[in-house]
file input37.txt (compact mmCIF, N, CA and C atoms)
# COMPACT_ATOMS: atom_id res chain seq x y z
N MET A 1 1.07 7.29 -17.91
CA MET A 1 0.41 6.71 -16.75
C MET A 1 -0.82 5.94 -17.19
N SER A 2 -1.04 4.84 -16.52
CA SER A 2 -2.19 4.01 -16.81
C SER A 2 -3.44 4.56 -16.13
N ASN A 3 -4.56 4.49 -16.84
CA ASN A 3 -5.84 4.91 -16.28
C ASN A 3 -6.67 3.71 -15.87
N ARG A 4 -6.05 2.53 -15.81
CA ARG A 4 -6.77 1.31 -15.44
C ARG A 4 -6.66 1.08 -13.94
N PRO A 5 -7.65 0.39 -13.36
CA PRO A 5 -7.58 0.06 -11.94
C PRO A 5 -6.34 -0.78 -11.63
N ILE A 6 -5.81 -0.58 -10.43
CA ILE A 6 -4.59 -1.26 -10.01
C ILE A 6 -4.85 -1.97 -8.69
N GLN A 7 -4.65 -3.27 -8.70
CA GLN A 7 -4.69 -4.04 -7.46
C GLN A 7 -3.30 -3.96 -6.86
N CYS A 8 -3.21 -3.63 -5.57
CA CYS A 8 -1.87 -3.46 -5.02
C CYS A 8 -1.79 -3.94 -3.57
N ARG A 9 -0.55 -4.17 -3.18
CA ARG A 9 -0.19 -4.41 -1.78
C ARG A 9 1.05 -3.56 -1.51
N ILE A 10 0.93 -2.71 -0.50
CA ILE A 10 2.06 -1.89 -0.06
C ILE A 10 2.42 -2.37 1.33
N THR A 11 3.66 -2.78 1.52
CA THR A 11 4.10 -3.26 2.82
C THR A 11 4.95 -2.19 3.49
N LEU A 12 4.58 -1.87 4.74
CA LEU A 12 5.24 -0.83 5.50
C LEU A 12 5.88 -1.40 6.75
N ARG A 13 7.00 -0.84 7.16
CA ARG A 13 7.65 -1.25 8.41
C ARG A 13 6.80 -0.75 9.59
N GLY A 14 6.63 -1.63 10.58
CA GLY A 14 5.91 -1.25 11.79
C GLY A 14 4.41 -1.43 11.69
N ARG A 15 3.74 -1.01 12.73
CA ARG A 15 2.29 -1.13 12.83
C ARG A 15 1.66 0.26 12.64
N VAL A 16 0.94 0.43 11.55
CA VAL A 16 0.27 1.69 11.26
C VAL A 16 -1.05 1.71 12.02
N ALA A 17 -1.29 2.77 12.75
CA ALA A 17 -2.52 2.89 13.53
C ALA A 17 -3.75 2.84 12.62
N PRO A 18 -4.78 2.08 13.02
CA PRO A 18 -5.98 1.93 12.18
C PRO A 18 -6.65 3.25 11.80
N HIS A 19 -6.52 4.28 12.63
CA HIS A 19 -7.20 5.54 12.30
C HIS A 19 -6.62 6.22 11.05
N TRP A 20 -5.45 5.78 10.58
CA TRP A 20 -4.88 6.34 9.35
C TRP A 20 -5.49 5.71 8.11
N SER A 21 -6.26 4.65 8.25
CA SER A 21 -6.79 3.95 7.07
C SER A 21 -7.62 4.86 6.18
N ARG A 22 -8.38 5.77 6.74
CA ARG A 22 -9.19 6.70 5.92
C ARG A 22 -8.29 7.58 5.06
N TRP A 23 -7.10 7.90 5.56
CA TRP A 23 -6.19 8.77 4.85
C TRP A 23 -5.42 8.02 3.76
N LEU A 24 -5.46 6.71 3.82
CA LEU A 24 -4.68 5.90 2.87
C LEU A 24 -5.57 5.29 1.79
N GLY A 25 -6.65 5.95 1.46
CA GLY A 25 -7.51 5.50 0.37
C GLY A 25 -8.36 4.32 0.76
N GLU A 26 -8.70 3.53 -0.21
CA GLU A 26 -9.58 2.38 0.00
C GLU A 26 -8.80 1.11 0.35
N LEU A 27 -7.58 1.26 0.78
CA LEU A 27 -6.75 0.10 1.09
C LEU A 27 -7.04 -0.41 2.50
N GLN A 28 -7.08 -1.73 2.63
CA GLN A 28 -7.34 -2.37 3.91
C GLN A 28 -6.03 -2.64 4.63
N LEU A 29 -5.98 -2.34 5.92
CA LEU A 29 -4.79 -2.58 6.72
C LEU A 29 -4.84 -3.97 7.33
N SER A 30 -3.71 -4.66 7.30
CA SER A 30 -3.55 -5.92 8.02
C SER A 30 -2.12 -5.96 8.55
N TYR A 31 -1.91 -6.75 9.58
CA TYR A 31 -0.62 -6.79 10.26
C TYR A 31 -0.11 -8.22 10.28
N ARG A 32 1.22 -8.34 10.23
CA ARG A 32 1.85 -9.66 10.34
C ARG A 32 3.25 -9.49 10.91
N ALA A 33 3.72 -10.58 11.47
CA ALA A 33 5.08 -10.60 12.01
C ALA A 33 6.05 -10.85 10.88
N ASP A 34 7.16 -10.14 10.93
CA ASP A 34 8.23 -10.33 9.95
C ASP A 34 9.50 -10.59 10.74
N GLY A 35 10.11 -11.72 10.52
CA GLY A 35 11.27 -12.12 11.30
C GLY A 35 12.38 -11.08 11.37
N GLU A 36 12.62 -10.35 10.28
CA GLU A 36 13.69 -9.35 10.24
C GLU A 36 13.31 -8.04 10.91
N ASP A 37 12.15 -7.52 10.59
CA ASP A 37 11.78 -6.16 10.98
C ASP A 37 10.72 -6.09 12.07
N GLY A 38 10.35 -7.18 12.68
CA GLY A 38 9.28 -7.15 13.67
C GLY A 38 7.93 -7.20 12.99
N THR A 39 7.05 -6.26 13.30
CA THR A 39 5.72 -6.20 12.71
C THR A 39 5.74 -5.36 11.45
N VAL A 40 4.97 -5.80 10.45
CA VAL A 40 4.78 -5.01 9.24
C VAL A 40 3.29 -4.82 9.02
N THR A 41 2.95 -3.75 8.30
CA THR A 41 1.58 -3.46 7.92
C THR A 41 1.46 -3.64 6.42
N ASP A 42 0.45 -4.41 5.99
CA ASP A 42 0.14 -4.55 4.57
C ASP A 42 -1.08 -3.72 4.26
N LEU A 43 -1.00 -2.92 3.22
CA LEU A 43 -2.14 -2.16 2.70
C LEU A 43 -2.55 -2.84 1.41
N ASP A 44 -3.76 -3.42 1.38
CA ASP A 44 -4.22 -4.18 0.22
C ASP A 44 -5.50 -3.58 -0.34
N GLY A 45 -5.63 -3.62 -1.66
CA GLY A 45 -6.87 -3.18 -2.27
C GLY A 45 -6.68 -2.77 -3.71
N THR A 46 -7.73 -2.16 -4.24
CA THR A 46 -7.73 -1.71 -5.62
C THR A 46 -7.83 -0.19 -5.65
N LEU A 47 -6.94 0.42 -6.40
CA LEU A 47 -6.94 1.86 -6.58
C LEU A 47 -7.38 2.19 -8.00
N ALA A 48 -7.91 3.38 -8.21
CA ALA A 48 -8.50 3.75 -9.50
C ALA A 48 -7.50 3.71 -10.64
N ASP A 49 -6.25 4.16 -10.38
CA ASP A 49 -5.27 4.25 -11.44
C ASP A 49 -3.89 4.58 -10.86
N GLN A 50 -2.91 4.81 -11.73
CA GLN A 50 -1.55 5.14 -11.29
C GLN A 50 -1.52 6.41 -10.46
N SER A 51 -2.34 7.36 -10.80
CA SER A 51 -2.40 8.62 -10.07
C SER A 51 -2.85 8.38 -8.62
N ALA A 52 -3.81 7.51 -8.42
CA ALA A 52 -4.28 7.18 -7.07
C ALA A 52 -3.18 6.47 -6.28
N LEU A 53 -2.43 5.59 -6.94
CA LEU A 53 -1.31 4.93 -6.28
C LEU A 53 -0.27 5.96 -5.86
N GLN A 54 0.06 6.88 -6.75
CA GLN A 54 1.03 7.93 -6.42
C GLN A 54 0.55 8.77 -5.24
N SER A 55 -0.73 9.05 -5.19
CA SER A 55 -1.30 9.83 -4.09
C SER A 55 -1.13 9.10 -2.76
N VAL A 56 -1.40 7.79 -2.74
CA VAL A 56 -1.23 7.01 -1.51
C VAL A 56 0.24 6.99 -1.10
N LEU A 57 1.14 6.80 -2.06
CA LEU A 57 2.57 6.79 -1.74
C LEU A 57 3.03 8.14 -1.21
N ASN A 58 2.49 9.23 -1.74
CA ASN A 58 2.82 10.56 -1.22
C ASN A 58 2.33 10.72 0.21
N ARG A 59 1.15 10.20 0.52
CA ARG A 59 0.63 10.29 1.89
C ARG A 59 1.50 9.48 2.85
N ILE A 60 1.93 8.30 2.40
CA ILE A 60 2.82 7.47 3.21
C ILE A 60 4.12 8.23 3.49
N TRP A 61 4.64 8.89 2.47
CA TRP A 61 5.87 9.69 2.63
C TRP A 61 5.65 10.80 3.64
N LYS A 62 4.51 11.50 3.56
CA LYS A 62 4.22 12.59 4.48
C LYS A 62 4.08 12.10 5.93
N LEU A 63 3.66 10.86 6.09
CA LEU A 63 3.56 10.27 7.43
C LEU A 63 4.91 9.74 7.92
N ASN A 64 5.93 9.85 7.08
CA ASN A 64 7.28 9.39 7.40
C ASN A 64 7.32 7.89 7.71
N LEU A 65 6.55 7.12 6.95
CA LEU A 65 6.53 5.67 7.09
C LEU A 65 7.53 5.06 6.12
N THR A 66 8.06 3.90 6.48
CA THR A 66 9.05 3.22 5.64
C THR A 66 8.37 2.17 4.77
N VAL A 67 8.48 2.33 3.46
CA VAL A 67 7.94 1.36 2.51
C VAL A 67 8.95 0.24 2.33
N LEU A 68 8.51 -0.98 2.56
CA LEU A 68 9.38 -2.14 2.36
C LEU A 68 9.18 -2.76 0.98
N GLU A 69 7.93 -2.69 0.46
CA GLU A 69 7.65 -3.31 -0.83
C GLU A 69 6.35 -2.75 -1.40
N VAL A 70 6.30 -2.64 -2.73
CA VAL A 70 5.08 -2.30 -3.45
C VAL A 70 4.88 -3.36 -4.51
N ARG A 71 3.71 -4.01 -4.47
CA ARG A 71 3.38 -5.04 -5.47
C ARG A 71 2.09 -4.62 -6.14
N THR A 72 2.04 -4.70 -7.47
CA THR A 72 0.84 -4.29 -8.19
C THR A 72 0.50 -5.25 -9.31
N VAL A 73 -0.78 -5.19 -9.71
CA VAL A 73 -1.26 -5.82 -10.94
C VAL A 73 -1.94 -4.69 -11.69
N ALA A 74 -1.51 -4.43 -12.92
CA ALA A 74 -2.03 -3.29 -13.68
C ALA A 74 -3.53 -3.35 -13.89
N ASP A 75 -4.07 -4.53 -14.10
CA ASP A 75 -5.51 -4.67 -14.31
C ASP A 75 -6.09 -5.39 -13.10
N ALA A 76 -6.92 -4.72 -12.34
CA ALA A 76 -7.46 -5.28 -11.10
C ALA A 76 -8.28 -6.53 -11.33
N SER A 77 -8.71 -6.79 -12.57
CA SER A 77 -9.48 -8.00 -12.84
C SER A 77 -8.60 -9.21 -13.08
N SER A 78 -7.27 -9.04 -13.11
CA SER A 78 -6.35 -10.16 -13.29
C SER A 78 -6.38 -11.08 -12.09
N GLU A 79 -6.11 -12.35 -12.33
CA GLU A 79 -6.09 -13.32 -11.25
C GLU A 79 -4.69 -13.48 -10.70
N GLY A 80 -4.61 -14.04 -9.48
CA GLY A 80 -3.32 -14.38 -8.91
C GLY A 80 -2.75 -13.28 -8.05
N GLU A 81 -1.55 -13.54 -7.56
CA GLU A 81 -0.83 -12.60 -6.69
C GLU A 81 -0.34 -11.41 -7.50
N PRO A 82 -0.27 -10.25 -6.88
CA PRO A 82 0.30 -9.09 -7.57
C PRO A 82 1.76 -9.36 -7.95
N ALA A 83 2.17 -8.81 -9.08
CA ALA A 83 3.55 -8.96 -9.55
C ALA A 83 4.44 -7.99 -8.79
N ALA A 84 5.64 -8.42 -8.44
CA ALA A 84 6.58 -7.56 -7.71
C ALA A 84 7.03 -6.42 -8.64
N THR A 85 7.03 -5.19 -8.09
CA THR A 85 7.50 -4.04 -8.85
C THR A 85 8.64 -3.34 -8.19
N GLY A 86 9.08 -3.82 -7.06
CA GLY A 86 10.21 -3.19 -6.38
C GLY A 86 10.04 -3.28 -4.88
N GLY A 87 11.10 -2.94 -4.19
CA GLY A 87 10.93 -2.98 -2.75
C GLY A 87 12.18 -2.95 -1.98
call {"tool": "encode", "arguments": {"input": "input37.txt", "output": "structure tokens"}}
result
Amino acid sequence: MSNRPIQCRITLRGRVAPHWSRWLGELQLSYRADGEDGTVTDLDGTLADQSALQSVLNRIWKLNLTVLEVRTVADASSEGEPAATGG
């Protein structure tokens, strides 16, 4: 596991209530329309490391939310859009 900061975007199906943002780490919630699935929630930000990312994904699982995509950049100081890692 990497101990470097990770810039990420996690896209979830539906609209996640803003009060869950504290439970989802330092990630910022934003919403957008998606032609296929209706509304999606994007969680954007920088996490401390792979362990922090795993923790957020576990919380999402416990909330029974559907993950549509996870995009990351291993080094948060990198420029550009996060690289696709699956989805």
call {"tool": "atom_distance", "arguments": {"input": "input37.txt", "atom1": "atom N of A:Thr46", "atom2": "atom CA of A:Trp20"}}
result
16.3 Å
call {"tool": "residues_around", "arguments": {"input": "input37.txt", "residues": "A:Val56", "least_positions_apart": "3", "cutoff": "7 Å", "atoms": "all atoms listed in the file", "output": "PyMOL selection string"}}
result
chain A and resi 23-25+51-53+59-61
call {"tool": "write_last_selection", "arguments": {"input": "input37.txt", "atoms": "N, CA and C atoms", "output": "PDB file, in the coordinates of the input"}}
result
ATOM      1  N   TRP A  23      -7.100   7.900   5.560  1.00  0.00           N
ATOM      2  CA  TRP A  23      -6.190   8.770   4.850  1.00  0.00           C
ATOM      3  C   TRP A  23      -5.420   8.020   3.760  1.00  0.00           C
ATOM      4  N   LEU A  24      -5.460   6.710   3.820  1.00  0.00           N
ATOM      5  CA  LEU A  24      -4.680   5.900   2.870  1.00  0.00           C
ATOM      6  C   LEU A  24      -5.570   5.290   1.790  1.00  0.00           C
ATOM      7  N   GLY A  25      -6.650   5.950   1.460  1.00  0.00           N
ATOM      8  CA  GLY A  25      -7.510   5.500   0.370  1.00  0.00           C
ATOM      9  C   GLY A  25      -8.360   4.320   0.760  1.00  0.00           C
ATOM     10  N   SER A  51      -2.340   7.360 -10.800  1.00  0.00           N
ATOM     11  CA  SER A  51      -2.400   8.620 -10.070  1.00  0.00           C
ATOM     12  C   SER A  51      -2.850   8.380  -8.620  1.00  0.00           C
ATOM     13  N   ALA A  52      -3.810   7.510  -8.420  1.00  0.00           N
ATOM     14  CA  ALA A  52      -4.280   7.180  -7.070  1.00  0.00           C
ATOM     15  C   ALA A  52      -3.180   6.470  -6.280  1.00  0.00           C
ATOM     16  N   LEU A  53      -2.430   5.590  -6.940  1.00  0.00           N
ATOM     17  CA  LEU A  53      -1.310   4.930  -6.280  1.00  0.00           C
ATOM     18  C   LEU A  53      -0.270   5.960  -5.860  1.00  0.00           C
ATOM     19  N   ARG A  59       1.150  10.200   0.520  1.00  0.00           N
ATOM     20  CA  ARG A  59       0.630  10.290   1.890  1.00  0.00           C
ATOM     21  C   ARG A  59       1.500   9.480   2.850  1.00  0.00           C
ATOM     22  N   ILE A  60       1.930   8.300   2.400  1.00  0.00           N
ATOM     23  CA  ILE A  60       2.820   7.470   3.210  1.00  0.00           C
ATOM     24  C   ILE A  60       4.120   8.230   3.490  1.00  0.00           C
ATOM     25  N   TRP A  61       4.640   8.890   2.470  1.00  0.00           N
ATOM     26  CA  TRP A  61       5.870   9.690   2.630  1.00  0.00           C
ATOM     27  C   TRP A  61       5.650  10.800   3.640  1.00  0.00           C
TER      28      TRP A  61
END
call {"tool": "atom_distance", "arguments": {"input": "input37.txt", "atom1": "atom CA of A:Arg32", "atom2": "atom C of A:Pro5"}}
result
25.1 Å
call {"tool": "residues_around", "arguments": {"input": "input37.txt", "residues": "A:Cys8", "least_positions_apart": "5", "cutoff": "6 Å", "atoms": "only N, CA and C atoms", "output": "JSON, numbers by chain"}}
result
{"A": [43, 44, 45, 46, 47, 71, 72, 73]}
call {"tool": "atom_distance", "arguments": {"input": "input37.txt", "atom1": "atom N of A:Asp49", "atom2": "atom CA of A:Leu27"}}
result
12.2 Å
call {"tool": "residues_around", "arguments": {"input": "input37.txt", "residues": "A:Tyr31", "least_positions_apart": "6", "cutoff": "6 Å", "atoms": "only N, CA and C atoms", "output": "count of residues only"}}
result
3
call {"tool": "residues_around", "arguments": {"input": "input37.txt", "residues": "A:Leu65", "least_positions_apart": "3", "cutoff": "10 Å", "atoms": "only C-alpha atoms", "output": "short mmCIF file (atom, residue, chain, number, x, y, z; two decimals) with N, CA and C atoms, keeping the file's coordinate frame"}}
result
data_model
loop_
_atom_site.label_atom_id
_atom_site.label_comp_id
_atom_site.auth_asym_id
_atom_site.auth_seq_id
_atom_site.Cartn_x
_atom_site.Cartn_y
_atom_site.Cartn_z
N LEU A 12 4.58 -1.87 4.74
CA LEU A 12 5.24 -0.83 5.50
C LEU A 12 5.88 -1.40 6.75
N ARG A 13 7.00 -0.84 7.16
CA ARG A 13 7.65 -1.25 8.41
C ARG A 13 6.80 -0.75 9.59
N GLY A 14 6.63 -1.63 10.58
CA GLY A 14 5.91 -1.25 11.79
C GLY A 14 4.41 -1.43 11.69
N ARG A 15 3.74 -1.01 12.73
CA ARG A 15 2.29 -1.13 12.83
C ARG A 15 1.66 0.26 12.64
N VAL A 16 0.94 0.43 11.55
CA VAL A 16 0.27 1.69 11.26
C VAL A 16 -1.05 1.71 12.02
N LEU A 57 1.14 6.80 -2.06
CA LEU A 57 2.57 6.79 -1.74
C LEU A 57 3.03 8.14 -1.21
N ARG A 59 1.15 10.20 0.52
CA ARG A 59 0.63 10.29 1.89
C ARG A 59 1.50 9.48 2.85
N ILE A 60 1.93 8.30 2.40
CA ILE A 60 2.82 7.47 3.21
C ILE A 60 4.12 8.23 3.49
N TRP A 61 4.64 8.89 2.47
CA TRP A 61 5.87 9.69 2.63
C TRP A 61 5.65 10.80 3.64
N LYS A 62 4.51 11.50 3.56
CA LYS A 62 4.22 12.59 4.48
C LYS A 62 4.08 12.10 5.93
N LEU A 68 8.51 -0.98 2.56
CA LEU A 68 9.38 -2.14 2.36
C LEU A 68 9.18 -2.76 0.98
#
call {"tool": "select_by_dssp", "arguments": {"input": "input37.txt", "residues": "chain A", "states": "strand (DSSP E or B)", "output": "ChimeraX atom specification"}}
result
/A:6-13,28-34,38-47,67-73,83-84
